[in-house]
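Q: Let me give you the structure first, and then I'll get to my questions.
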Amino acid sequence: MGSKWKKAKVALGLNLCMFVPRTLDDDFPPSTVVSERLSDAALLSPANYEKGSSRPTTPVSSFHGLRLSKSISSKSSKQTCAICLAKMKQGSGQAIFTAECSHSFHFHCIASNVKHGNQVCPVCRAKWKEIPLSGSSLTPIPGRVTPSPINWPQNDALMAVVHRLPLPHPRRDLNRRHIVPLYQASEPGIFDDDESLNHQHAISERSTTDAVRAMEIKTYPEVSSAPRSNTYSNFTVLVHLKATAAAASSANRQNLSRNQASLTQISHSARAPVDLVTVLDVSGSMAGTKLALLKRAMGFVIQNLGTNDRLSVIAFSSTARRLFPLCKMTDSGRQQALQAVNSLVANGGTNIAEGLRKGAKIMEDRKEKNPVASIILLSDGQDNYTVGGSVNVQPQPNYHLLLPTSISGRDNSGFQIPVHAFGFGADHDASSMHSISEISGGTFSFIETEAVLQDAFAQCIGGLLSVVIQELQVAIECVHPDLGLVSLKAGSYPSRLMADGRKGFLDVGDLYADEERDFLVTVNVPATSGNETSLIKVKCVYKDPLTQETATIESDEVKIERPKIAEQVIMSLEVDRQRNRLQAAEAMAQARTSAERGDLTGAVLILENCRKMLSETVSAKSHDRLCVALDAELKEMQERMASRHVYEASGRAYILSGLSSHSWQRATARGDSTDSSSLVQAYQTPSMVEMLTRSQAMLLGSPSGQRLLQPLLSYRSQPSPR
């Protein structure tokens, strides 16, 4: 499935554009490009959900030729409401609103659309001078069933959109700040209107045994024996941690694989519920396919959150607004969320800081808190209100200004919310997005191809919906009285050594189910007269997210044998592979620094030298999968540094996403990393893979998805530009 999915994404990334011959009924010139796309209004419409299921499906396109019939299209638009896709009949007891552009809708549907800030036609995007207003007294017609994701009718309609010119790029206009900002609905001064939580009963179902079993510690010295007469100034010990899924979670995953159930059916005792805020860029450059695919991806997120999970959405362009408060993703909550996301339109500039400020305010002001909290940020451009918009305008922009101090931990309050940032397309500011994620403790993903967006979101929420460890702190203590700690190599995780060098600490934070962390500890090993030397011991203290109880687990002492005569030294494969990972990450950082100075040749050479070094290691000679993946990733980075243009378009973002992944030891989306056939799949957990599979199965697994993808899989496209 991986190769087919990869071809499909390439085709989607090219927007399904094709040249239309003159033989069509429409009198378009030969160069006119006809692109068949999902309409924004239809993407999250009821038609995109199977009957009797809350799982979204992909609308179906017949693709039986591209003959456009104006009469059929016009007739269809007048008979069907483009928002709910239900039939409109005169005298059926439902008010019908006909706009000045001649498109008609159910009055109740379009009034709800306008309430969310839309003042343009969902079909043709014409801006309305007169809009339908719905007073507080307006209620749904008695007897009319409010559509929900479960009982929405089926309709496989798609819109064929003709594009004579490329989509506009308002960010390239230096005078773009005059664009009318987002419609400002009234918002409370304090966002304390979050929906109440009532899942305390589920917490009691989690046993303390599960909490103890949720953590594993393993240690590996670089060699198992060393001559007793020798001293070592940088002896390495690997500390390997794994957050194991509890028994209940394992059973639920087995049921999930058998029944293909959604996450909403998983018992709440299996995982901690989440408060999620998505901060979405709806500026002018998001118009068209980008916004359509964003709506589809958000539909996937909404449908895969559980009934105890809460979601709020912030949309930002020149300004920012909250679409709805934190609400539980029950059937009614999903319906509200889907309608709100479907109402989004693209216009204006890019004010990332304002979007994050409101997202942070939701997290700060909420009356109640779910155990897990996170923010997802997506943008395809550069902030042109806070940091000047471009690294070329300001040599060293202060990206800290984009992130509120309240969620970055910089105000010493101990309150920190990770922001998982997603850079969309070639025009986003990768440096700012990476900085935002790095400061907050989140990850940065690079969405190079538009069709990868849903997969990227799926991978992210697959992790967020599986948190089993929180506030993890690791303590490393020397056992032998003459031993001293030299360093703790922990990537982006905060670490500190005590002044006497006898003890060190790592602040790891949250771990997803089955997620692993590897840290290299270097110590000074003295000579000895004994047969063995005790080096260190490890203790982990963490909080169970469901019971909120603190648990402690300790490792055995790490020991090495000390023979009189030197024996054959066998390097630990586990230690060697983690050294390779850290050396590769260091080479990536050095290459990026060189590239930013304009020395692309030097950057490529740094990566090449690292590849040669890796090829001589024990891991490489053992055909270790991590070593193979690192080599493939370094090679990909070299190719993305072929020229200044290529580096600016994708190289910088690809490298920063890789650095984010390796520094946090957490999966990010970049290139083809979400493909099952890709070598670059580092740190993916079973929960992430499961959610990715579900995302891709939406297109490849259902009959409607297969019909949609049939022309894509046979479409012969060129590789995406790098």
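Residues are named by chain letter and number: chains run A, B, ... in the order of the structure tokens, numbers start at 1 in each chain, and ligands are numbered from 1 in the order shown.
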Please provide as JSON, numbers by chain all residues within 12 Å of Leu453 of chain A, with the sequence filter that same-chain residues fewer than 5 positions apart are discarded (counting only C-alpha atoms).
A: {"A": [9, 12, 13, 289, 290, 291, 292, 293, 294, 295, 296, 297, 298, 299, 300, 301, 378, 379, 380, 422, 423, 424, 425, 445, 446, 447, 448, 458, 459, 460, 669, 670, 671, 672, 674, 692, 695, 696]}
Q: Among segment 377-626 of chain A, which residues does DSSP mark as alpha helix (DSSP H) when it is run on the backbone? Keep the chain and numbering as in the structure and answer as a ChimeraX atom specification.
A: /A:405-408,430-440,453-464,573-596,600-615,618-621,625-626
Q: Could you give me, as a list of chain:residue names, the residues within 8 Å of Glu608 of chain A, counting only C-alpha atoms and dropping anything in the same chain fewer than 2 positions from it?
A: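 Selected residues are A:Val604, A:Leu605, A:Ile606, A:Cys610, A:Arg611, A:Lys612, A:Leu634, A:Lys635, A:Gln638.
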Q: For those residues, write C-alpha atoms to a file as a short mmCIF file (atom, residue, chain, number, x, y, z; two decimals), in the first residue's frame.
A:
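The resulting file, result_8.cif, is reproduced below:
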data_model
loop_
_atom_site.label_atom_id
_atom_site.label_comp_id
_atom_site.auth_asym_id
_atom_site.auth_seq_id
_atom_site.Cartn_x
_atom_site.Cartn_y
_atom_site.Cartn_z
CA VAL A 604 27.20 18.93 1.93
CA LEU A 605 30.76 17.95 2.85
CA ILE A 606 29.88 17.81 6.56
CA CYS A 610 29.31 11.84 8.65
CA ARG A 611 27.99 9.23 6.24
CA LYS A 612 31.50 7.85 5.77
CA LEU A 634 21.69 12.40 5.53
CA LYS A 635 21.68 11.64 1.81
CA GLN A 638 22.55 16.53 0.83
#
Q: Just the number, please: distance in Å from atom CA of Asn524 of chain A to atom CA of Asn234 of chain A, one decimal.
A: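 Going from atom CA of Asn524 of chain A over to atom CA of Asn234 of chain A, I get 5.8 Å.
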Q: If you run DSSP on the backbone here, which positions in segment 276-309 of chain A get strand (DSSP E)? Please write them as a ChimeraX atom specification.
A: /A:276-281
Q: Have a look at A:Leu377, A:Thr601, A:Gln473, A:Gln684 and name the one nearest to Lys543 of chain A; count only C-alpha atoms.
A: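 Smallest distance to Lys543 of chain A is found for A:Gln473.
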Q: Choose the residue, out of A:Glu130, A:Glu471, A:Glu364, A:Asp514, that has the smallest atom-to-atom separation from Met688 of chain A; count only C-alpha atoms.
A: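 Result for the nearest residue to Met688 of chain A: A:Asp514.
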Q: Leaving out segment 184-199 of chain A and any residue of its chain fewer than 6 positions from it, which residues lie within 12 Å of it when counting only C-alpha atoms, given as a PyMOL selection string?
A: chain A and resi 114-119+205+267-269+271-277+306-312+314-330+333+358-371+546-547
Q: I'd like the contact shell of Arg644 of chain A - 10 Å cut-off, only C-alpha atoms, skipping same-chain residues fewer than 4 positions apart - returned as a PyMOL selection string.
A: chain A and resi 595-596+598-600+640+648-649+651
Q: Output N, CA, C and O atoms for every residue in that selection, as a short mmCIF file (atom, residue, chain, number, x, y, z; two decimals), in the first residue's frame.
A:
data_model
loop_
_atom_site.label_atom_id
_atom_site.label_comp_id
_atom_site.auth_asym_id
_atom_site.auth_seq_id
_atom_site.Cartn_x
_atom_site.Cartn_y
_atom_site.Cartn_z
N ALA A 595 25.05 26.08 5.98
CA ALA A 595 24.14 26.47 4.89
C ALA A 595 23.57 27.86 5.13
O ALA A 595 23.42 28.66 4.19
N GLU A 596 23.25 28.19 6.37
CA GLU A 596 22.70 29.52 6.67
C GLU A 596 23.74 30.61 6.42
O GLU A 596 23.38 31.75 6.15
N GLY A 598 25.62 30.49 3.91
CA GLY A 598 25.77 30.52 2.47
C GLY A 598 26.74 29.50 1.92
O GLY A 598 26.94 29.42 0.70
N ASP A 599 27.36 28.69 2.78
CA ASP A 599 28.34 27.71 2.34
C ASP A 599 27.67 26.35 2.17
O ASP A 599 27.80 25.45 3.01
N LEU A 600 26.96 26.18 1.07
CA LEU A 600 26.27 24.91 0.82
C LEU A 600 27.25 23.79 0.52
O LEU A 600 27.02 22.64 0.89
N ARG A 640 18.92 18.08 -0.83
CA ARG A 640 18.15 19.30 -0.63
C ARG A 640 19.05 20.52 -0.40
O ARG A 640 18.56 21.60 -0.09
N GLU A 648 16.34 26.86 0.16
CA GLU A 648 15.32 27.78 0.68
C GLU A 648 13.93 27.18 0.57
O GLU A 648 13.08 27.39 1.43
N ALA A 649 13.67 26.43 -0.52
CA ALA A 649 12.34 25.89 -0.76
C ALA A 649 12.01 24.72 0.16
O ALA A 649 10.87 24.59 0.63
N GLY A 651 15.03 22.51 1.78
CA GLY A 651 16.16 21.99 2.56
C GLY A 651 16.15 22.42 4.00
O GLY A 651 16.33 21.60 4.91
#
Q: Might you pull out every residue within 10 Å of Tyr399 of chain A, with only C-alpha atoms counted and same-chain residues fewer than 3 positions away left off, and present them as a list in words?
A: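 Close residues of Tyr399 of chain A: Ala353, Asp383, Thr386, Val387, Gln396, Leu402, Leu403, Ser431, Ser432, Met433, His434, Ser435, Ile436 and Ile439 of chain A.
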Q: Selection from above, all heavy atoms, as a JSON list (two decimals), in the first residue's frame, can you write it?
A:
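For reference, out_21.json as written:
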[["chain", "number", "residue", "atom", "x", "y", "z"],
["A", 353, "ALA", "N", 1.57, 35.14, 16.08],
["A", 353, "ALA", "CA", 1.64, 35.47, 17.50],
["A", 353, "ALA", "C", 0.25, 35.65, 18.09],
["A", 353, "ALA", "O", -0.02, 35.20, 19.22],
["A", 353, "ALA", "CB", 2.47, 36.74, 17.69],
["A", 383, "ASP", "N", 5.11, 35.13, 9.66],
["A", 383, "ASP", "CA", 4.46, 36.16, 10.48],
["A", 383, "ASP", "C", 4.92, 37.54, 10.02],
["A", 383, "ASP", "O", 6.11, 37.84, 10.04],
["A", 383, "ASP", "CB", 4.81, 35.94, 11.96],
["A", 383, "ASP", "CG", 4.06, 36.90, 12.86],
["A", 383, "ASP", "OD1", 4.44, 38.08, 12.92],
["A", 383, "ASP", "OD2", 3.09, 36.46, 13.52],
["A", 386, "THR", "N", 4.80, 40.45, 13.85],
["A", 386, "THR", "CA", 5.55, 40.42, 15.11],
["A", 386, "THR", "C", 7.06, 40.39, 14.91],
["A", 386, "THR", "O", 7.79, 41.11, 15.58],
["A", 386, "THR", "CB", 5.14, 39.21, 15.96],
["A", 386, "THR", "OG1", 3.71, 39.22, 16.11],
["A", 386, "THR", "CG2", 5.79, 39.25, 17.33],
["A", 387, "VAL", "N", 7.54, 39.57, 13.97],
["A", 387, "VAL", "CA", 8.99, 39.43, 13.80],
["A", 387, "VAL", "C", 9.46, 39.90, 12.43],
["A", 387, "VAL", "O", 10.56, 39.59, 12.01],
["A", 387, "VAL", "CB", 9.43, 37.96, 14.01],
["A", 387, "VAL", "CG1", 9.21, 37.55, 15.44],
["A", 387, "VAL", "CG2", 8.73, 37.02, 13.05],
["A", 396, "GLN", "N", 18.46, 38.46, 12.62],
["A", 396, "GLN", "CA", 18.27, 37.57, 13.76],
["A", 396, "GLN", "C", 16.95, 37.91, 14.46],
["A", 396, "GLN", "O", 16.93, 38.54, 15.52],
["A", 396, "GLN", "CB", 19.43, 37.69, 14.73],
["A", 396, "GLN", "CG", 20.75, 37.19, 14.15],
["A", 396, "GLN", "CD", 21.89, 37.29, 15.16],
["A", 396, "GLN", "OE1", 21.87, 38.12, 16.05],
["A", 396, "GLN", "NE2", 22.87, 36.42, 15.01],
["A", 402, "LEU", "N", 6.95, 35.28, 19.39],
["A", 402, "LEU", "CA", 5.77, 34.64, 18.82],
["A", 402, "LEU", "C", 5.03, 33.78, 19.83],
["A", 402, "LEU", "O", 3.84, 33.50, 19.67],
["A", 402, "LEU", "CB", 6.17, 33.76, 17.62],
["A", 402, "LEU", "CG", 6.74, 34.49, 16.40],
["A", 402, "LEU", "CD1", 7.23, 33.48, 15.37],
["A", 402, "LEU", "CD2", 5.67, 35.40, 15.78],
["A", 403, "LEU", "N", 5.73, 33.34, 20.86],
["A", 403, "LEU", "CA", 5.16, 32.38, 21.81],
["A", 403, "LEU", "C", 4.89, 33.05, 23.14],
["A", 403, "LEU", "O", 5.80, 33.63, 23.75],
["A", 403, "LEU", "CB", 6.13, 31.21, 22.00],
["A", 403, "LEU", "CG", 5.58, 29.95, 22.66],
["A", 403, "LEU", "CD1", 4.51, 29.31, 21.79],
["A", 403, "LEU", "CD2", 6.70, 28.96, 22.92],
["A", 431, "SER", "N", 12.22, 28.42, 10.23],
["A", 431, "SER", "CA", 13.00, 28.79, 11.42],
["A", 431, "SER", "C", 12.09, 29.20, 12.57],
["A", 431, "SER", "O", 12.31, 28.82, 13.72],
["A", 431, "SER", "CB", 13.97, 29.93, 11.08],
["A", 431, "SER", "OG", 14.92, 29.52, 10.12],
["A", 432, "SER", "N", 11.05, 29.98, 12.27],
["A", 432, "SER", "CA", 10.15, 30.41, 13.34],
["A", 432, "SER", "C", 9.32, 29.25, 13.86],
["A", 432, "SER", "O", 9.13, 29.11, 15.08],
["A", 432, "SER", "CB", 9.22, 31.53, 12.84],
["A", 432, "SER", "OG", 8.31, 31.05, 11.87],
["A", 433, "MET", "N", 8.83, 28.39, 12.97],
["A", 433, "MET", "CA", 8.01, 27.26, 13.41],
["A", 433, "MET", "C", 8.83, 26.29, 14.25],
["A", 433, "MET", "O", 8.37, 25.75, 15.25],
["A", 433, "MET", "CB", 7.42, 26.55, 12.19],
["A", 433, "MET", "CG", 6.52, 27.41, 11.34],
["A", 433, "MET", "SD", 4.99, 27.88, 12.18],
["A", 433, "MET", "CE", 3.99, 26.44, 11.83],
["A", 434, "HIS", "N", 10.09, 26.07, 13.84],
["A", 434, "HIS", "CA", 10.96, 25.20, 14.62],
["A", 434, "HIS", "C", 11.25, 25.81, 15.98],
["A", 434, "HIS", "O", 11.26, 25.10, 17.01],
["A", 434, "HIS", "CB", 12.26, 24.95, 13.86],
["A", 434, "HIS", "CG", 13.26, 24.13, 14.61],
["A", 434, "HIS", "ND1", 14.33, 24.71, 15.29],
["A", 434, "HIS", "CD2", 13.37, 22.80, 14.82],
["A", 434, "HIS", "CE1", 15.04, 23.77, 15.87],
["A", 434, "HIS", "NE2", 14.49, 22.61, 15.60],
["A", 435, "SER", "N", 11.48, 27.11, 16.03],
["A", 435, "SER", "CA", 11.76, 27.77, 17.30],
["A", 435, "SER", "C", 10.57, 27.69, 18.25],
["A", 435, "SER", "O", 10.73, 27.44, 19.45],
["A", 435, "SER", "CB", 12.14, 29.24, 17.06],
["A", 435, "SER", "OG", 13.34, 29.34, 16.33],
["A", 436, "ILE", "N", 9.37, 27.89, 17.71],
["A", 436, "ILE", "CA", 8.16, 27.81, 18.53],
["A", 436, "ILE", "C", 8.04, 26.43, 19.17],
["A", 436, "ILE", "O", 7.77, 26.30, 20.37],
["A", 436, "ILE", "CB", 6.91, 28.13, 17.68],
["A", 436, "ILE", "CG1", 6.88, 29.62, 17.33],
["A", 436, "ILE", "CG2", 5.63, 27.72, 18.40],
["A", 436, "ILE", "CD1", 5.84, 29.98, 16.28],
["A", 439, "ILE", "N", 11.00, 25.78, 21.81],
["A", 439, "ILE", "CA", 10.85, 26.50, 23.07],
["A", 439, "ILE", "C", 9.77, 25.88, 23.95],
["A", 439, "ILE", "O", 9.92, 25.78, 25.17],
["A", 439, "ILE", "CB", 10.53, 27.99, 22.80],
["A", 439, "ILE", "CG1", 11.70, 28.67, 22.09],
["A", 439, "ILE", "CG2", 10.19, 28.72, 24.09],
["A", 439, "ILE", "CD1", 11.34, 30.04, 21.53]]
Q: So which one's closest to Tyr683 of chain A, A:Asp624, A:Asp281, A:Glu516, A:Asp482? Using only C-alpha atoms, please.
A: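 Among the listed residues, the smallest separation from Tyr683 of chain A belongs to A:Glu516.
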Q: Would you mind reading off the distance between atom CA of Val467 of chain A and atom CA of Tyr512 of chain A, one decimal, in Å?
A: 4.2 Å
Q: Of the candidates A:Asp576, A:Asp500, A:Glu354, A:Glu477, which one gets nearest to Ser555 of chain A if we count only C-alpha atoms?
A: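 Of A:Asp576, A:Asp500, A:Glu354, A:Glu477, the one nearest Ser555 of chain A, counting only C-alpha atoms, is A:Glu477.
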Q: Interatomic distance between atom CA of Val569 of chain A and atom CA of Leu488 of chain A?
A: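 Distance between the two atoms: 24.0 Å.
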Q: Using only C-alpha atoms, which residues sit within 9 Å of Pro526 of chain A once same-chain residues fewer than 3 positions away are excluded, as JSON, numbers by chain?
A: {"A": [228, 229, 230, 231, 232, 233, 482, 483, 533]}
Q: Just the selected residues (N, CA and C atoms), exported as a short mmCIF file (atom, residue, chain, number, x, y, z; two decimals), in the first residue's frame, please.
A:
data_model
loop_
_atom_site.label_atom_id
_atom_site.label_comp_id
_atom_site.auth_asym_id
_atom_site.auth_seq_id
_atom_site.Cartn_x
_atom_site.Cartn_y
_atom_site.Cartn_z
N ARG A 228 41.47 -4.16 34.87
CA ARG A 228 41.39 -3.45 36.14
C ARG A 228 42.45 -2.38 36.30
N SER A 229 43.53 -2.49 35.54
CA SER A 229 44.61 -1.51 35.67
C SER A 229 44.37 -0.26 34.84
N ASN A 230 43.40 -0.30 33.97
CA ASN A 230 43.13 0.84 33.08
C ASN A 230 42.17 1.84 33.72
N THR A 231 42.34 3.10 33.34
CA THR A 231 41.37 4.14 33.70
C THR A 231 40.72 4.66 32.43
N TYR A 232 39.48 5.14 32.55
CA TYR A 232 38.72 5.62 31.38
C TYR A 232 38.10 6.97 31.73
N SER A 233 38.40 7.95 30.92
CA SER A 233 37.92 9.31 31.20
C SER A 233 36.53 9.57 30.62
N ASP A 482 34.80 6.50 43.73
CA ASP A 482 35.78 7.26 42.95
C ASP A 482 35.28 7.63 41.56
N LEU A 483 34.03 7.29 41.28
CA LEU A 483 33.44 7.60 39.96
C LEU A 483 32.92 9.03 39.92
N THR A 533 33.47 -3.45 38.85
CA THR A 533 33.27 -2.07 39.27
C THR A 533 31.81 -1.70 39.08
#
Q: Nearest to Phe519 of chain A: which of A:Gly381, A:Pro397, A:Pro221, A:Gly658 is it, counting only C-alpha atoms?
A: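 Result for the nearest residue to Phe519 of chain A: A:Pro221.
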Q: Using only C-alpha atoms, which residue out of A:Ile570, A:Ser285, A:Tyr542, A:Phe107 lies closest to Asp507 of chain A?
A: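 Result for the nearest residue to Asp507 of chain A: A:Tyr542.
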